[in-house]
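S.K.: Data file input_32.cif (mmCIF, C-alpha atoms and all ligand atoms) is appended below.
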data_my_file
#
loop_
_atom_site.label_atom_id
_atom_site.label_comp_id
_atom_site.auth_asym_id
_atom_site.auth_seq_id
_atom_site.Cartn_x
_atom_site.Cartn_y
_atom_site.Cartn_z
CA MET V 6 -8.38 -7.11 3.24
CA GLN V 7 -5.17 -5.85 4.81
CA ALA V 8 -2.89 -3.02 3.73
CA ILE V 9 0.84 -2.50 3.87
CA VAL V 10 2.47 0.90 3.59
CA ASN V 11 5.70 2.76 4.26
CA VAL V 12 5.01 6.22 5.71
CA THR V 13 6.98 9.18 6.97
CA GLU V 14 6.27 10.85 10.30
CA ASN V 15 3.50 12.88 8.68
CA TRP V 16 2.10 10.00 6.63
CA GLY V 17 3.75 10.91 3.32
CA ILE V 18 4.06 7.86 1.05
CA GLY V 19 5.52 9.03 -2.24
CA ARG V 20 6.73 11.72 -4.57
CA TYR V 21 6.96 11.68 -8.38
CA ASN V 22 5.56 8.12 -8.27
CA LYS V 23 8.46 6.87 -6.15
CA LEU V 24 8.75 5.67 -2.55
CA LEU V 25 10.22 8.28 -0.20
CA PHE V 26 12.36 5.90 1.88
CA PRO V 27 12.96 2.54 0.22
CA LEU V 28 14.60 0.39 2.89
CA ARG V 29 16.09 -3.02 2.19
CA ALA V 30 14.69 -4.54 5.41
CA ASP V 31 11.25 -3.12 4.67
CA LEU V 32 11.17 -4.40 1.09
CA LYS V 33 12.17 -7.84 2.36
CA ARG V 34 9.36 -7.75 4.93
CA PHE V 35 6.90 -6.56 2.27
CA LYS V 36 7.87 -9.54 0.15
CA GLU V 37 7.54 -12.03 3.03
CA LEU V 38 4.14 -10.73 4.13
CA THR V 39 2.59 -10.50 0.67
CA MET V 40 4.11 -13.63 -0.92
CA GLY V 41 1.45 -16.10 -2.04
CA HIS V 42 -1.37 -13.59 -1.59
CA ALA V 43 -3.26 -11.36 -3.94
CA VAL V 44 -2.11 -7.73 -4.01
CA VAL V 45 -4.36 -4.89 -5.13
CA MET V 46 -2.71 -1.77 -6.51
CA GLY V 47 -3.45 1.27 -8.62
CA ARG V 48 -2.23 1.57 -12.17
CA LYS V 49 0.31 4.24 -11.17
CA THR V 50 1.82 2.05 -8.46
CA LEU V 51 2.15 -0.80 -10.96
CA GLU V 52 4.04 1.59 -13.22
CA SER V 53 6.43 2.40 -10.36
CA LEU V 54 7.43 -1.28 -10.02
CA PRO V 55 10.54 -2.71 -11.68
CA GLY V 56 9.69 -3.55 -15.31
CA LYS V 57 6.16 -2.16 -14.78
CA LYS V 58 4.99 -5.73 -14.23
CA GLY V 59 3.17 -7.67 -11.54
CA LEU V 60 5.10 -8.88 -8.50
CA PRO V 61 6.29 -12.49 -8.79
CA GLY V 62 4.62 -15.14 -6.63
CA ARG V 63 1.55 -13.02 -6.06
CA ARG V 64 -1.77 -12.52 -7.85
CA ASN V 65 -1.60 -8.90 -8.99
CA LEU V 66 -4.89 -7.03 -9.31
CA VAL V 67 -4.48 -3.62 -10.89
CA LEU V 68 -7.22 -1.03 -10.57
CA THR V 69 -7.63 1.09 -13.70
CA ARG V 70 -10.51 2.72 -15.54
CA ASP V 71 -8.78 1.88 -18.82
CA GLU V 72 -10.57 -1.18 -20.22
CA SER V 73 -7.70 -1.88 -22.62
CA PHE V 74 -4.90 -1.70 -20.02
CA ASN V 75 -2.63 -4.71 -19.86
CA ALA V 76 0.72 -5.57 -18.30
CA PRO V 77 2.69 -8.75 -17.62
CA ASN V 78 1.52 -10.90 -14.66
CA VAL V 79 -1.43 -8.61 -13.99
CA GLU V 80 -5.20 -8.95 -13.87
CA THR V 81 -7.10 -5.72 -14.28
CA VAL V 82 -10.10 -4.65 -12.24
CA HIS V 83 -12.13 -1.58 -13.04
CA THR V 84 -13.98 -0.83 -9.82
CA PRO V 85 -12.96 -1.09 -6.14
CA LEU V 86 -15.88 -3.49 -5.63
CA GLN V 87 -14.46 -5.86 -8.24
CA ALA V 88 -11.18 -5.86 -6.29
CA VAL V 89 -13.04 -6.58 -3.05
CA PHE V 90 -14.95 -9.50 -4.57
CA ALA V 91 -11.75 -10.96 -6.03
CA THR V 92 -9.86 -10.95 -2.71
CA GLY V 93 -10.07 -12.32 0.81
CA ALA V 94 -9.17 -11.29 4.34
CA GLU V 95 -5.50 -12.32 3.96
CA ASP V 96 -4.91 -10.36 0.75
CA PHE V 97 -3.26 -6.95 0.60
CA CYS V 98 -3.91 -3.47 -0.68
CA ILE V 99 -0.45 -2.13 -1.62
CA GLY V 100 -1.34 1.39 -2.73
CA GLY V 101 -1.01 4.05 -3.90
CA GLU V 102 -2.83 6.90 -2.24
CA SER V 103 -6.05 6.72 -4.24
CA VAL V 104 -6.37 2.96 -3.82
CA TYR V 105 -5.58 3.03 -0.10
CA ARG V 106 -8.23 5.70 0.36
CA VAL V 107 -10.95 3.97 -1.62
CA LEU V 108 -10.33 0.55 -0.04
CA LEU V 109 -9.70 1.71 3.55
CA PRO V 110 -13.33 1.05 4.61
CA VAL V 111 -12.87 -2.67 3.86
CA ILE V 112 -9.39 -2.93 5.36
CA ASP V 113 -9.08 -4.13 8.94
CA ARG V 114 -5.31 -4.36 9.43
CA VAL V 115 -2.56 -2.03 8.23
CA TYR V 116 1.11 -3.00 8.40
CA VAL V 117 2.82 0.36 8.66
CA THR V 118 6.53 0.92 8.33
CA ARG V 119 6.98 4.25 10.06
CA VAL V 120 10.09 6.13 9.02
CA LEU V 121 11.15 8.54 11.74
CA ALA V 122 11.82 11.37 9.32
CA THR V 123 9.95 13.65 6.99
CA ALA V 124 10.37 14.29 3.28
CA GLU V 125 8.53 16.33 0.71
CA ALA V 126 5.64 14.20 -0.57
CA ASP V 127 2.84 14.40 -3.12
CA ALA V 128 1.03 11.25 -1.98
CA TRP V 129 -0.27 10.45 1.50
CA PHE V 130 -1.86 7.75 3.61
CA PRO V 131 -4.73 8.75 5.93
CA ASN V 132 -3.40 9.52 9.42
CA LEU V 133 -4.53 6.51 11.45
CA ASP V 134 -3.35 8.07 14.73
CA GLU V 135 -6.04 10.73 14.34
CA ASP V 136 -8.77 8.24 13.45
CA PRO V 137 -10.59 6.70 16.44
CA GLN V 138 -11.51 3.72 14.27
CA TRP V 139 -7.89 2.50 14.46
CA ARG V 140 -5.63 1.39 17.27
CA ILE V 141 -2.05 0.21 17.43
CA GLU V 142 -1.80 -3.51 18.09
CA ARG V 143 1.97 -3.90 18.00
CA GLU V 144 5.00 -1.66 17.68
CA SER V 145 8.50 -2.94 16.96
CA GLU V 146 11.68 -1.55 18.37
CA ILE V 147 13.29 1.26 16.39
CA MET V 148 15.77 0.04 13.78
CA GLU V 149 18.18 1.88 11.54
CA GLU V 150 19.34 1.40 7.96
CA ASN V 151 21.82 3.76 6.30
CA GLY V 152 21.09 6.38 8.92
CA VAL V 153 17.30 6.12 8.46
CA ARG V 154 15.45 5.21 11.66
CA PHE V 155 12.21 3.26 11.29
CA GLN V 156 9.86 0.87 13.06
CA TYR V 157 7.02 -1.48 12.21
CA VAL V 158 3.63 -0.50 13.61
CA ASP V 159 0.59 -2.73 13.12
CA TYR V 160 -2.79 -0.99 13.22
CA VAL V 161 -6.07 -2.83 13.60
CA ARG V 162 -9.58 -1.58 13.19
CA VAL V 163 -11.29 -1.01 16.52
CA GLU V 164 -14.01 -3.61 16.88
CA LYS V 165 -17.56 -2.32 16.79
CA GLU V 166 -19.53 -2.89 19.98
N1 LIG O 1 4.91 4.23 0.63
C1 LIG O 1 4.24 3.18 0.17
O1 LIG O 1 4.15 2.15 0.85
C2 LIG O 1 3.61 3.25 -1.19
C3 LIG O 1 2.95 2.15 -1.74
C4 LIG O 1 2.38 2.27 -3.00
C5 LIG O 1 2.46 3.47 -3.68
N2 LIG O 1 3.10 4.51 -3.11
C6 LIG O 1 3.18 5.82 -3.78
O2 LIG O 1 1.87 6.29 -4.05
C7 LIG O 1 1.93 7.17 -5.18
C8 LIG O 1 0.89 6.74 -6.18
O3 LIG O 1 -0.41 6.96 -5.65
P1 LIG O 1 -1.58 7.53 -6.61
O4 LIG O 1 -2.77 7.74 -5.78
O5 LIG O 1 -1.02 8.70 -7.38
O6 LIG O 1 -1.75 6.35 -7.69
P2 LIG O 1 -2.31 4.85 -7.57
O7 LIG O 1 -3.36 4.77 -6.50
O8 LIG O 1 -1.18 3.89 -7.51
O9 LIG O 1 -2.96 4.66 -9.00
C9 LIG O 1 -3.97 5.56 -9.41
C10 LIG O 1 -4.70 4.94 -10.56
O10 LIG O 1 -5.46 3.81 -10.12
C11 LIG O 1 -6.68 3.75 -10.86
N3 LIG O 1 -7.80 3.97 -9.93
C12 LIG O 1 -7.79 4.61 -8.74
N4 LIG O 1 -9.02 4.61 -8.18
C13 LIG O 1 -9.83 3.95 -9.06
C14 LIG O 1 -11.22 3.63 -9.07
N5 LIG O 1 -12.04 4.00 -8.06
N6 LIG O 1 -11.71 2.95 -10.13
C15 LIG O 1 -10.91 2.56 -11.14
N7 LIG O 1 -9.57 2.84 -11.20
C16 LIG O 1 -9.06 3.54 -10.18
C17 LIG O 1 -6.61 4.85 -11.89
O11 LIG O 1 -5.94 4.29 -13.01
P3 LIG O 1 -6.16 4.80 -14.54
O12 LIG O 1 -5.63 6.21 -14.56
O13 LIG O 1 -5.36 3.85 -15.36
O14 LIG O 1 -7.64 4.72 -14.80
C18 LIG O 1 -5.74 5.88 -11.19
O15 LIG O 1 -5.12 6.80 -12.07
C19 LIG O 1 3.35 7.06 -5.72
O16 LIG O 1 4.13 8.13 -5.23
C20 LIG O 1 3.86 5.76 -5.13
O17 LIG O 1 5.28 5.74 -4.98
C21 LIG O 1 3.67 4.43 -1.88
#
Could you spell out this file's structure in structure tokens?
M.R.:
Amino acid sequence: MQAIVNVTENWGIGRYNKLLFPLRADLKRFKELTMGHAVVMGRKTLESLPGKKGLPGRRNLVLTRDESFNAPNVETVHTPLQAVFATGAEDFCIGGESVYRVLLPVIDRVYVTRVLATAEADAWFPNLDEDPQWRIERESEIMEENGVRFQYVDYVRVEKE
């Protein structure tokens, strides 16, 4: 599985169940990368999406402990293992914090959008720069949208010897 995430300089990813820096270019890239694939998300992240429904053109797997949970264009899964069995190497974990954390051990590529700013956050992604299991494979140039500077940084899991 892969992951895709938008982080601040100190790896903040959200506050009050909202993105900290929604960027048009980043949302477009998110759509392009995930289109046609399965996306795994937590129930709270689903509820942060427009209309609280699954993303069009993608198979939406929502992790929840609530056996009766239902939402449009969504399949529910109740354990991380169920999500892993239902997905392949090209599919994506799209958050939030709890789902990134629980699935990180089975993720081998993370598409990070790094915003070169900080903001108060209540949700975080693990700091991959401090984790020797991860290395940067590719870093884009720095771009800017409405005064917000950002870049794309692809992390890959360091291969075991
Ligand atoms: N910056 C980004 O790229 C990005 C991307 C996505 C989300 N976010 C942000 O992340 C924040 C949300 O993260 P979060 O951690 O609070 O919520 P979350 O991971 O989206 O959803 C949490 C819910 O997922 C279910 N869940 C989690 N682990 C589970 C497990 N092991 N087994 C079964 N169900 C499980 C539970 O649902 P039930 O309570 O229904 O059982 C849990 O309450 C928001 O601020 C959002 O904006 C940021």
S.K.: With all atoms listed in the file as the atoms that count, which of V:Gly19, V:Pro61, V:Pro131, V:Gly152 lies nearest to ligand LIG 1 (chain O)?
M.R.: V:Gly19
S.K.: In Å, rounded to a single decimal, give me how far atom CA of V:Val67 is from atom CA of V:Thr81.
M.R.: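 Separation between atom CA of V:Thr81 and atom CA of V:Val67: 4.8 Å.
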S.K.: In Å, how far is it from atom O10 of ligand LIG 1 (chain O) to atom CA of V:Tyr116?
M.R.: 20.8 Å
S.K.: Would you mind telling me which residue in V:Leu54, V:Arg119, V:Val44, V:Leu25 lies nearest to V:Asp134 when using only C-alpha atoms?
M.R.: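 Ranked by minimum distance to V:Asp134, first place goes to V:Arg119.
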S.K.: For stretch 140-147 of chain V, list every protein, DNA or RNA residue within 7 Å, evaluated using only C-alpha atoms, and leave out those in the same chain fewer than 5 positions away; present the list as a list in words.
M.R.: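 Close residues of stretch 140-147 of chain V: Arg154, Phe155, Gln156, Tyr157, Val158, Asp159, Tyr160, Val161, Arg162 and Val163 of chain V.
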S.K.: Between V:Tyr21, V:Phe130, V:Phe35, V:Phe90, which one has atoms that come closest to V:Val104, using all atoms listed in the file?
M.R.: V:Phe130
S.K.: Emit as AutoDock Vina command-line options the padded axis-aligned box for all listed atoms of stretch 34-41 of chain V, 6 Å per side, with centre and edge lengths in Å to one decimal.
M.R.:
--center_x 5.4 --center_y -11.3 --center_z 1.4 --size_x 19.9 --size_y 21.5 --size_z 19.0
S.K.: Is there a way to get, as a VMD selection string, all residues within 10 Å of the point (2.1, -10.0, -0.7) in file coordinates, counting all atoms listed in the file?
M.R.: chain V and resid 8 to 9 34 to 45 60 to 65 95 to 99
S.K.: Extract stretch 11-164 of chain V from the preceding block and save C-alpha atoms as a PDB file, in the first residue's frame.
M.R.:
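The resulting result23.pdb:
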ATOM      1  CA  ASN V  11      -0.373  16.930   3.147  1.00  0.00           C
ATOM      2  CA  VAL V  12       1.822  17.968   6.093  1.00  0.00           C
ATOM      3  CA  THR V  13       3.132  21.148   7.640  1.00  0.00           C
ATOM      4  CA  GLU V  14       6.794  21.652   8.505  1.00  0.00           C
ATOM      5  CA  ASN V  15       6.262  19.808  11.783  1.00  0.00           C
ATOM      6  CA  TRP V  16       4.079  17.070  10.298  1.00  0.00           C
ATOM      7  CA  GLY V  17       0.709  18.499  11.364  1.00  0.00           C
ATOM      8  CA  ILE V  18      -2.106  17.199   9.143  1.00  0.00           C
ATOM      9  CA  GLY V  19      -5.360  18.574  10.500  1.00  0.00           C
ATOM     10  CA  ARG V  20      -7.350  20.491  13.042  1.00  0.00           C
ATOM     11  CA  TYR V  21     -11.054  20.185  13.930  1.00  0.00           C
ATOM     12  CA  ASN V  22     -11.300  17.433  11.277  1.00  0.00           C
ATOM     13  CA  LYS V  23     -10.171  19.781   8.506  1.00  0.00           C
ATOM     14  CA  LEU V  24      -7.027  20.009   6.374  1.00  0.00           C
ATOM     15  CA  LEU V  25      -4.618  22.733   7.509  1.00  0.00           C
ATOM     16  CA  PHE V  26      -3.569  23.923   4.038  1.00  0.00           C
ATOM     17  CA  PRO V  27      -5.917  22.823   1.274  1.00  0.00           C
ATOM     18  CA  LEU V  28      -4.151  23.739  -1.963  1.00  0.00           C
ATOM     19  CA  ARG V  29      -5.796  23.537  -5.370  1.00  0.00           C
ATOM     20  CA  ALA V  30      -2.696  22.065  -7.034  1.00  0.00           C
ATOM     21  CA  ASP V  31      -2.344  19.477  -4.277  1.00  0.00           C
ATOM     22  CA  LEU V  32      -5.991  18.404  -4.430  1.00  0.00           C
ATOM     23  CA  LYS V  33      -5.650  18.008  -8.203  1.00  0.00           C
ATOM     24  CA  ARG V  34      -2.539  15.860  -7.739  1.00  0.00           C
ATOM     25  CA  PHE V  35      -4.302  13.812  -5.044  1.00  0.00           C
ATOM     26  CA  LYS V  36      -7.112  13.145  -7.494  1.00  0.00           C
ATOM     27  CA  GLU V  37      -4.748  12.177 -10.334  1.00  0.00           C
ATOM     28  CA  LEU V  38      -2.679   9.820  -8.185  1.00  0.00           C
ATOM     29  CA  THR V  39      -5.590   8.079  -6.479  1.00  0.00           C
ATOM     30  CA  MET V  40      -8.048   7.906  -9.406  1.00  0.00           C
ATOM     31  CA  GLY V  41      -8.973   4.333 -10.291  1.00  0.00           C
ATOM     32  CA  HIS V  42      -7.428   2.921  -7.115  1.00  0.00           C
ATOM     33  CA  ALA V  43      -8.827   1.862  -3.799  1.00  0.00           C
ATOM     34  CA  VAL V  44      -8.472   4.417  -1.004  1.00  0.00           C
ATOM     35  CA  VAL V  45      -8.499   3.452   2.666  1.00  0.00           C
ATOM     36  CA  MET V  46      -9.603   6.069   5.179  1.00  0.00           C
ATOM     37  CA  GLY V  47     -10.875   6.414   8.710  1.00  0.00           C
ATOM     38  CA  ARG V  48     -14.493   7.178   9.452  1.00  0.00           C
ATOM     39  CA  LYS V  49     -13.604  10.713  10.591  1.00  0.00           C
ATOM     40  CA  THR V  50     -11.773  11.497   7.357  1.00  0.00           C
ATOM     41  CA  LEU V  51     -14.772  10.263   5.366  1.00  0.00           C
ATOM     42  CA  GLU V  52     -16.914  12.670   7.369  1.00  0.00           C
ATOM     43  CA  SER V  53     -14.574  15.524   6.425  1.00  0.00           C
ATOM     44  CA  LEU V  54     -15.169  14.918   2.693  1.00  0.00           C
ATOM     45  CA  PRO V  55     -17.736  16.884   0.685  1.00  0.00           C
ATOM     46  CA  GLY V  56     -21.165  15.295   1.227  1.00  0.00           C
ATOM     47  CA  LYS V  57     -19.589  12.784   3.658  1.00  0.00           C
ATOM     48  CA  LYS V  58     -19.476  10.302   0.794  1.00  0.00           C
ATOM     49  CA  GLY V  59     -16.853   8.194  -0.956  1.00  0.00           C
ATOM     50  CA  LEU V  60     -14.621   9.814  -3.566  1.00  0.00           C
ATOM     51  CA  PRO V  61     -15.846   9.316  -7.137  1.00  0.00           C
ATOM     52  CA  GLY V  62     -13.896   6.987  -9.427  1.00  0.00           C
ATOM     53  CA  ARG V  63     -12.263   5.202  -6.535  1.00  0.00           C
ATOM     54  CA  ARG V  64     -13.120   2.203  -4.362  1.00  0.00           C
ATOM     55  CA  ASN V  65     -13.569   3.734  -0.911  1.00  0.00           C
ATOM     56  CA  LEU V  66     -12.770   1.524   2.076  1.00  0.00           C
ATOM     57  CA  VAL V  67     -13.729   3.131   5.366  1.00  0.00           C
ATOM     58  CA  LEU V  68     -12.315   1.811   8.609  1.00  0.00           C
ATOM     59  CA  THR V  69     -14.811   1.925  11.480  1.00  0.00           C
ATOM     60  CA  ARG V  70     -15.605  -0.201  14.501  1.00  0.00           C
ATOM     61  CA  ASP V  71     -19.295   0.561  13.977  1.00  0.00           C
ATOM     62  CA  GLU V  72     -20.797  -2.515  12.303  1.00  0.00           C
ATOM     63  CA  SER V  73     -23.875  -0.553  11.233  1.00  0.00           C
ATOM     64  CA  PHE V  74     -21.998   2.372   9.646  1.00  0.00           C
ATOM     65  CA  ASN V  75     -22.926   3.157   6.074  1.00  0.00           C
ATOM     66  CA  ALA V  76     -22.358   6.006   3.630  1.00  0.00           C
ATOM     67  CA  PRO V  77     -22.761   6.519  -0.113  1.00  0.00           C
ATOM     68  CA  ASN V  78     -20.064   4.950  -2.367  1.00  0.00           C
ATOM     69  CA  VAL V  79     -18.331   3.357   0.603  1.00  0.00           C
ATOM     70  CA  GLU V  80     -17.418  -0.152   1.702  1.00  0.00           C
ATOM     71  CA  THR V  81     -16.766  -0.550   5.399  1.00  0.00           C
ATOM     72  CA  VAL V  82     -13.933  -2.524   6.935  1.00  0.00           C
ATOM     73  CA  HIS V  83     -13.657  -3.149  10.637  1.00  0.00           C
ATOM     74  CA  THR V  84     -10.017  -4.069  11.154  1.00  0.00           C
ATOM     75  CA  PRO V  85      -6.790  -2.785   9.566  1.00  0.00           C
ATOM     76  CA  LEU V  86      -6.085  -6.353   8.408  1.00  0.00           C
ATOM     77  CA  GLN V  87      -9.349  -6.419   6.460  1.00  0.00           C
ATOM     78  CA  ALA V  88      -8.228  -3.227   4.697  1.00  0.00           C
ATOM     79  CA  VAL V  89      -4.854  -4.772   3.908  1.00  0.00           C
ATOM     80  CA  PHE V  90      -6.417  -7.923   2.447  1.00  0.00           C
ATOM     81  CA  ALA V  91      -8.813  -5.861   0.325  1.00  0.00           C
ATOM     82  CA  THR V  92      -6.075  -3.723  -1.260  1.00  0.00           C
ATOM     83  CA  GLY V  93      -2.915  -4.035  -3.335  1.00  0.00           C
ATOM     84  CA  ALA V  94       0.446  -2.336  -3.698  1.00  0.00           C
ATOM     85  CA  GLU V  95      -0.949   0.475  -5.894  1.00  0.00           C
ATOM     86  CA  ASP V  96      -3.782   1.417  -3.533  1.00  0.00           C
ATOM     87  CA  PHE V  97      -3.662   4.312  -1.098  1.00  0.00           C
ATOM     88  CA  CYS V  98      -4.074   5.035   2.573  1.00  0.00           C
ATOM     89  CA  ILE V  99      -5.507   8.579   2.698  1.00  0.00           C
ATOM     90  CA  GLY V 100      -5.706   9.128   6.456  1.00  0.00           C
ATOM     91  CA  GLY V 101      -6.400  10.395   8.997  1.00  0.00           C
ATOM     92  CA  GLU V 102      -3.858  10.183  11.770  1.00  0.00           C
ATOM     93  CA  SER V 103      -5.074   6.956  13.370  1.00  0.00           C
ATOM     94  CA  VAL V 104      -5.312   5.138  10.040  1.00  0.00           C
ATOM     95  CA  TYR V 105      -1.917   6.365   8.819  1.00  0.00           C
ATOM     96  CA  ARG V 106      -0.373   5.168  12.073  1.00  0.00           C
ATOM     97  CA  VAL V 107      -1.969   1.742  12.091  1.00  0.00           C
ATOM     98  CA  LEU V 108      -1.245   1.061   8.398  1.00  0.00           C
ATOM     99  CA  LEU V 109       2.258   2.583   8.239  1.00  0.00           C
ATOM    100  CA  PRO V 110       3.970  -0.814   8.756  1.00  0.00           C
ATOM    101  CA  VAL V 111       2.447  -2.075   5.478  1.00  0.00           C
ATOM    102  CA  ILE V 112       3.039   1.139   3.527  1.00  0.00           C
ATOM    103  CA  ASP V 113       6.163   1.370   1.398  1.00  0.00           C
ATOM    104  CA  ARG V 114       5.737   4.726  -0.359  1.00  0.00           C
ATOM    105  CA  VAL V 115       4.398   8.018   0.975  1.00  0.00           C
ATOM    106  CA  TYR V 116       3.544  10.919  -1.311  1.00  0.00           C
ATOM    107  CA  VAL V 117       4.033  13.911   0.950  1.00  0.00           C
ATOM    108  CA  THR V 118       2.981  17.428   0.126  1.00  0.00           C
ATOM    109  CA  ARG V 119       5.156  19.469   2.450  1.00  0.00           C
ATOM    110  CA  VAL V 120       3.814  22.912   3.209  1.00  0.00           C
ATOM    111  CA  LEU V 121       6.623  25.234   4.229  1.00  0.00           C
ATOM    112  CA  ALA V 122       4.697  26.716   7.123  1.00  0.00           C
ATOM    113  CA  THR V 123       3.327  25.700  10.472  1.00  0.00           C
ATOM    114  CA  ALA V 124      -0.197  25.864  11.861  1.00  0.00           C
ATOM    115  CA  GLU V 125      -1.852  24.736  15.050  1.00  0.00           C
ATOM    116  CA  ALA V 126      -2.814  21.083  14.592  1.00  0.00           C
ATOM    117  CA  ASP V 127      -4.581  18.322  16.507  1.00  0.00           C
ATOM    118  CA  ALA V 128      -3.677  15.515  14.096  1.00  0.00           C
ATOM    119  CA  TRP V 129      -0.197  14.469  12.961  1.00  0.00           C
ATOM    120  CA  PHE V 130       1.669  12.178  10.610  1.00  0.00           C
ATOM    121  CA  PRO V 131       4.723  10.320  11.974  1.00  0.00           C
ATOM    122  CA  ASN V 132       7.899  12.299  11.221  1.00  0.00           C
ATOM    123  CA  LEU V 133       9.530  10.271   8.443  1.00  0.00           C
ATOM    124  CA  ASP V 134      12.690  12.422   8.511  1.00  0.00           C
ATOM    125  CA  GLU V 135      13.434  11.078  11.991  1.00  0.00           C
ATOM    126  CA  ASP V 136      12.728   7.464  11.052  1.00  0.00           C
ATOM    127  CA  PRO V 137      15.711   5.567   9.592  1.00  0.00           C
ATOM    128  CA  GLN V 138      13.287   3.206   7.863  1.00  0.00           C
ATOM    129  CA  TRP V 139      12.417   5.957   5.368  1.00  0.00           C
ATOM    130  CA  ARG V 140      14.383   7.883   2.781  1.00  0.00           C
ATOM    131  CA  ILE V 141      13.499  10.620   0.333  1.00  0.00           C
ATOM    132  CA  GLU V 142      13.367   9.356  -3.231  1.00  0.00           C
ATOM    133  CA  ARG V 143      12.355  12.558  -4.987  1.00  0.00           C
ATOM    134  CA  GLU V 144      11.774  16.184  -4.065  1.00  0.00           C
ATOM    135  CA  SER V 145      10.056  18.690  -6.332  1.00  0.00           C
ATOM    136  CA  GLU V 146      10.938  22.318  -6.677  1.00  0.00           C
ATOM    137  CA  ILE V 147       9.210  24.684  -4.275  1.00  0.00           C
ATOM    138  CA  MET V 148       5.920  26.054  -5.600  1.00  0.00           C
ATOM    139  CA  GLU V 149       3.578  28.705  -4.290  1.00  0.00           C
ATOM    140  CA  GLU V 150      -0.198  29.077  -4.209  1.00  0.00           C
ATOM    141  CA  ASN V 151      -1.903  32.077  -2.614  1.00  0.00           C
ATOM    142  CA  GLY V 152       1.259  32.874  -0.706  1.00  0.00           C
ATOM    143  CA  VAL V 153       1.639  29.306   0.620  1.00  0.00           C
ATOM    144  CA  ARG V 154       4.946  27.674  -0.339  1.00  0.00           C
ATOM    145  CA  PHE V 155       4.962  23.898  -0.743  1.00  0.00           C
ATOM    146  CA  GLN V 156       6.735  21.018  -2.436  1.00  0.00           C
ATOM    147  CA  TYR V 157       6.129  17.360  -3.216  1.00  0.00           C
ATOM    148  CA  VAL V 158       8.418  14.915  -1.437  1.00  0.00           C
ATOM    149  CA  ASP V 159       8.226  11.182  -2.135  1.00  0.00           C
ATOM    150  CA  TYR V 160       9.420   8.903   0.667  1.00  0.00           C
ATOM    151  CA  VAL V 161      10.178   5.229   0.180  1.00  0.00           C
ATOM    152  CA  ARG V 162      10.825   2.555   2.728  1.00  0.00           C
ATOM    153  CA  VAL V 163      14.500   1.693   2.997  1.00  0.00           C
ATOM    154  CA  GLU V 164      14.967  -1.796   1.622  1.00  0.00           C
TER     155      GLU V 164
END
